2 protein chains.
Amino acid sequence: MSEPTPRRGSKGERTRARILDSATELFSRSGFHAVSLRDIAAHAGLTHAGLLHHFPGKESLLIEVLSRRDEVDGELMHGRDVELSPEELLDRIVDQVARNMGTPGLVGLYVKISGEAADPGHPAHDYFVKRYRGLRRQASWLLGILFARSTPPLPHDPGAVAQQLIALIDGLQTQWLLDPDQVDMRAAVITFLRQLGLDPKP
Amino acid sequence: MSEPTPRRGSKGERTRARILDSATELFSRSGFHAVSLRDIAAHAGLTHAGLLHHFPGKESLLIEVLSRRDEVDGELMHGRDVELSPEELLDRIVDQVARNMGTPGLVGLYVKISGEAADPGHPAHDYFVKRYRGLRRQASWLLGILFARSTPPLPHDPGAVAQQLIALIDGLQTQWLLDPDQVDMRAAVITFLRQLGLDPKP
DNA sequence: CGCAAAACTAACCAGGTGGTAGGTTTAATT
DNA sequence: AATTAAACCTACCACCTGGTTAGTTTTGCG
């Protein structure tokens, strides 16, 4: 009989968090357009008018859901200790892919919303454009170091490979969501990296 | 003052085709859930009740749109002449990727709908599961032959590479739709294939 | 406690949804 | 030209959409 969020913050903050949890879960399950504020509110245990007391509208809910996940993932990637070697960072990417296989809902959210967001009028369009630019920049930087450090140095174009790596991971998620038994995302990514001459941990 | 479809089929068939064209375009632009039958009907020049005279419901419209594109693409891939060498087939895949860069709408349709369709309750779920299984089987068969034919034979696992190739193409589409200037899908696919030791035409 | 602010609700709004019923127009066939 | 069937439209249905308003309950603090 204990509260799920026992005693942190005011009531408002707790409700707000509960709403974000519900929105994340439902957006993950069915996408953005297909989920109503009433669905989310009911799942969070209030009315949709009550929900709108905490968020100005549906769109703001979406972008908060997205950026909240970025915060969580970002901490994982950069680490609080800023001192992570490029090799360790690569392993973290692989780990993240493996971890994603435990949260199909969240993976689905990104697949679905990034699909919808191709439309420039979509509320999350700018968010995703920036997100992928950031991901490419980060991955490109990392791969550049790893290629140069290898013996002998690997001649690949870090930018091009970064794009491919991100595309591979995204595309694997699509296939995996549709047919989980047929796709081992982690193995596929490792195979890809090995093919390049890199050596992620088993 | 000639008709756009000058003289083929009965009026009903022509209207049906017009509806499918409109549905394809609008689904491509905004996804499945976000488009209404009235939108499609208006675009095709009739009322939504008139549309429902030709199609039993919205879902059937979607699956007809999807399978119609498969027919078109299928003809391109297999060719009416069944005699295409594996090398030529690989080139066709690359060509298809390049051609996709001319039809962002259709590409968007697949990205969006395949995202939505991860939900087992989605009307197109089964369609996509089967589609990817088919694609993997086809690509796996093709790559197997190409790997064996190479001198020396390439040691890759055709099934794994097929999965990666499809994932790469899908993922590139997501990035390309969001940021067309930053992504050259054709070049990325060619780089990937070269990396494997294959030699698609320039 | 008292009391103001925050949290929440019930009721409502205008507009859109897929789908249906029944009648009218249009096209094809004899 | 007459007849039948297909094509199509108007009007409607019940329901859902995001959002607003005005009022009520709950919370936390001095």
# chains A, B, ... in the order shown; residues from 1 in each chain; ligands from 1

$ residues_around --residues "range 154-163 of chain A" --least-positions-apart "5" --cutoff "8 Å" --atoms "only C-alpha atoms (C1' of nucleotides)" --output "list in words"
Arg136, Arg137, Ala139, Ser140, Trp141, Leu143, Gly144, Phe147, Ala148 and Gly197 of chain A; Leu172, Val183 and Ala188 of chain B

$ residues_around --residues "Trp176 in chain A" --least-positions-apart "5" --cutoff "12 Å" --atoms "only C-alpha atoms (C1' of nucleotides)" --output "PyMOL selection string"
(chain A and resi 97-98+100-105+107-108+111+168-171+181-186+188) or (chain B and resi 114-115+118+128-129+132-133+163-164+166-167)

$ write_last_selection --atoms "N, CA and C atoms" --output "short mmCIF file (atom, residue, chain, number, x, y, z; two decimals), in the first residue's frame"
data_model
loop_
_atom_site.label_atom_id
_atom_site.label_comp_id
_atom_site.auth_asym_id
_atom_site.auth_seq_id
_atom_site.Cartn_x
_atom_site.Cartn_y
_atom_site.Cartn_z
N VAL A 97 21.75 -0.02 -27.23
CA VAL A 97 20.96 -0.79 -28.19
C VAL A 97 20.40 -2.03 -27.51
N ALA A 98 21.24 -2.71 -26.77
CA ALA A 98 20.78 -3.91 -26.08
C ALA A 98 19.70 -3.56 -25.06
N ASN A 100 17.66 -1.13 -25.18
CA ASN A 100 16.42 -0.80 -25.87
C ASN A 100 15.55 -2.02 -26.10
N MET A 101 16.18 -3.18 -26.23
CA MET A 101 15.39 -4.39 -26.43
C MET A 101 14.56 -4.73 -25.21
N GLY A 102 14.80 -4.04 -24.12
CA GLY A 102 13.97 -4.24 -22.94
C GLY A 102 12.81 -3.28 -22.84
N THR A 103 12.81 -2.27 -23.68
CA THR A 103 11.75 -1.26 -23.62
C THR A 103 11.16 -1.00 -25.00
N PRO A 104 10.45 -2.00 -25.51
CA PRO A 104 9.88 -1.84 -26.85
C PRO A 104 8.96 -0.64 -26.96
N GLY A 105 8.32 -0.29 -25.84
CA GLY A 105 7.42 0.86 -25.89
C GLY A 105 8.15 2.13 -26.25
N VAL A 107 11.06 2.44 -27.61
CA VAL A 107 11.60 2.34 -28.97
C VAL A 107 10.49 2.67 -29.97
N GLY A 108 9.34 2.11 -29.74
CA GLY A 108 8.21 2.37 -30.62
C GLY A 108 7.86 3.84 -30.67
N VAL A 111 10.22 5.46 -33.10
CA VAL A 111 9.97 5.05 -34.48
C VAL A 111 8.70 5.74 -34.99
N LEU A 168 21.32 2.35 -39.30
CA LEU A 168 21.23 0.92 -39.02
C LEU A 168 20.44 0.67 -37.75
N ILE A 169 20.77 1.41 -36.70
CA ILE A 169 20.08 1.20 -35.42
C ILE A 169 18.59 1.51 -35.55
N ASP A 170 18.27 2.62 -36.21
CA ASP A 170 16.86 2.95 -36.40
C ASP A 170 16.13 1.88 -37.19
N GLY A 171 16.74 1.47 -38.28
CA GLY A 171 16.08 0.50 -39.14
C GLY A 171 15.91 -0.85 -38.44
N ASP A 181 11.48 -11.89 -32.67
CA ASP A 181 12.27 -13.11 -32.66
C ASP A 181 13.26 -13.19 -33.80
N GLN A 182 12.98 -12.45 -34.86
CA GLN A 182 13.81 -12.56 -36.05
C GLN A 182 14.99 -11.58 -36.04
N VAL A 183 15.04 -10.71 -35.03
CA VAL A 183 16.03 -9.64 -35.08
C VAL A 183 16.77 -9.52 -33.74
N ASP A 184 18.08 -9.64 -33.80
CA ASP A 184 18.91 -9.36 -32.62
C ASP A 184 19.68 -8.08 -32.89
N MET A 185 19.12 -6.99 -32.37
CA MET A 185 19.69 -5.68 -32.70
C MET A 185 21.14 -5.57 -32.27
N ARG A 186 21.40 -6.04 -31.07
CA ARG A 186 22.76 -5.92 -30.55
C ARG A 186 23.77 -6.65 -31.42
N ALA A 188 23.52 -7.43 -34.51
CA ALA A 188 23.66 -6.79 -35.82
C ALA A 188 24.58 -5.58 -35.76
N SER B 114 4.83 2.11 -41.17
CA SER B 114 5.52 0.98 -40.55
C SER B 114 5.78 1.30 -39.08
N GLY B 115 5.89 2.57 -38.75
CA GLY B 115 6.00 2.93 -37.34
C GLY B 115 4.71 2.64 -36.60
N ALA B 118 3.70 -1.10 -35.83
CA ALA B 118 4.36 -1.92 -34.82
C ALA B 118 3.32 -2.43 -33.82
N PHE B 128 2.97 -5.68 -42.73
CA PHE B 128 4.38 -5.29 -42.60
C PHE B 128 5.25 -6.43 -42.10
N VAL B 129 4.71 -7.23 -41.19
CA VAL B 129 5.49 -8.39 -40.76
C VAL B 129 5.84 -9.25 -41.96
N TYR B 132 8.44 -7.55 -44.38
CA TYR B 132 9.85 -7.58 -44.00
C TYR B 132 10.41 -8.99 -44.08
N ARG B 133 9.59 -9.98 -43.73
CA ARG B 133 10.08 -11.35 -43.88
C ARG B 133 10.41 -11.62 -45.33
N GLN B 163 19.49 -8.36 -43.33
CA GLN B 163 18.84 -7.59 -42.27
C GLN B 163 19.47 -6.21 -42.12
N GLN B 164 20.78 -6.17 -42.13
CA GLN B 164 21.47 -4.89 -41.99
C GLN B 164 21.20 -3.97 -43.16
N ILE B 166 18.61 -3.87 -45.19
CA ILE B 166 17.24 -3.35 -45.12
C ILE B 166 17.13 -2.30 -44.02
N ALA B 167 17.73 -2.59 -42.89
CA ALA B 167 17.69 -1.64 -41.78
C ALA B 167 18.36 -0.34 -42.18
#

$ closest_atom_pairs --of "chain A" --to "chain C" --cutoff "12 Å" --atoms "only C-alpha atoms (C1' of nucleotides)" --output "CSV"
residue,atom,partner,partner_atom,distance
A:Ser10,CA,C:DA6,C1',10.3
A:Lys11,CA,C:DA7,C1',8.4
A:Gly12,CA,C:DA7,C1',7.2
A:Glu13,CA,C:DA7,C1',10.9
A:Arg14,CA,C:DA7,C1',11.6
A:Thr15,CA,C:DA7,C1',9.6
A:Arg16,CA,C:DA7,C1',11.1
A:Ala41,CA,C:DC8,C1',11.9
A:Gly45,CA,C:DC8,C1',11.1
A:Leu46,CA,C:DC8,C1',7.9
A:Thr47,CA,C:DT9,C1',7.3
A:His48,CA,C:DT9,C1',9.6
A:Ala49,CA,C:DT9,C1',7.7
A:Gly50,CA,C:DC8,C1',5.5
A:Leu51,CA,C:DC8,C1',9.0
A:Leu52,CA,C:DC8,C1',10.4
A:His53,CA,C:DA7,C1',8.1
A:His54,CA,C:DA7,C1',9.3

$ select_by_dssp --residues "range 109-202 of chain B" --states "helix (DSSP H, G or I)" --output "PyMOL selection string"
chain B and resi 109-116+125-149+158-178+180-182+185-196

$ closest_atom_pairs --of "chain D" --to "chain A" --cutoff "8 Å" --atoms "only C-alpha atoms (C1' of nucleotides)" --output "Markdown table"
| residue | atom | partner | partner_atom | distance |
| --- | --- | --- | --- | --- |
| D:DT17 | C1' | A:Ser36 | CA | 7.5 |
| D:DG18 | C1' | A:Leu37 | CA | 7.7 |
| D:DT27 | C1' | A:Lys11 | CA | 7.9 |

$ write_last_selection --atoms "N, CA and C atoms (P, O5', C5', C4', C3', O3' and C1' of nucleotides)" --output "PDB file, in the first residue's frame"
ATOM      1  P    DT D  17     -10.796  10.529 -28.327  1.00  0.00           P
ATOM      2  O5'  DT D  17     -10.561  12.000 -28.852  1.00  0.00           O
ATOM      3  C5'  DT D  17     -10.201  12.192 -30.240  1.00  0.00           C
ATOM      4  C4'  DT D  17     -10.076  13.659 -30.527  1.00  0.00           C
ATOM      5  C3'  DT D  17      -9.516  14.490 -29.385  1.00  0.00           C
ATOM      6  O3'  DT D  17      -8.108  14.391 -29.391  1.00  0.00           O
ATOM      7  C1'  DT D  17     -11.356  15.596 -30.473  1.00  0.00           C
ATOM      8  P    DG D  18      -7.256  14.878 -28.158  1.00  0.00           P
ATOM      9  O5'  DG D  18      -7.293  16.454 -28.269  1.00  0.00           O
ATOM     10  C5'  DG D  18      -6.699  17.085 -29.393  1.00  0.00           C
ATOM     11  C4'  DG D  18      -6.938  18.573 -29.303  1.00  0.00           C
ATOM     12  C3'  DG D  18      -6.305  19.240 -28.080  1.00  0.00           C
ATOM     13  O3'  DG D  18      -5.811  20.518 -28.453  1.00  0.00           O
ATOM     14  C1'  DG D  18      -8.657  19.520 -28.008  1.00  0.00           C
ATOM     15  P    DT D  27      -5.377  16.295  -0.463  1.00  0.00           P
ATOM     16  O5'  DT D  27      -4.298  17.456  -0.389  1.00  0.00           O
ATOM     17  C5'  DT D  27      -3.832  18.036  -1.617  1.00  0.00           C
ATOM     18  C4'  DT D  27      -3.026  19.276  -1.330  1.00  0.00           C
ATOM     19  C3'  DT D  27      -2.062  19.134  -0.157  1.00  0.00           C
ATOM     20  O3'  DT D  27      -0.740  19.245  -0.656  1.00  0.00           O
ATOM     21  C1'  DT D  27      -3.232  21.220  -0.098  1.00  0.00           C
TER      22       DT D  27
END

$ closest_residue --among "A:Arg92, A:Arg99, A:Arg194, A:His33" --to "chain B" --atoms "only C-alpha atoms"
A:His33
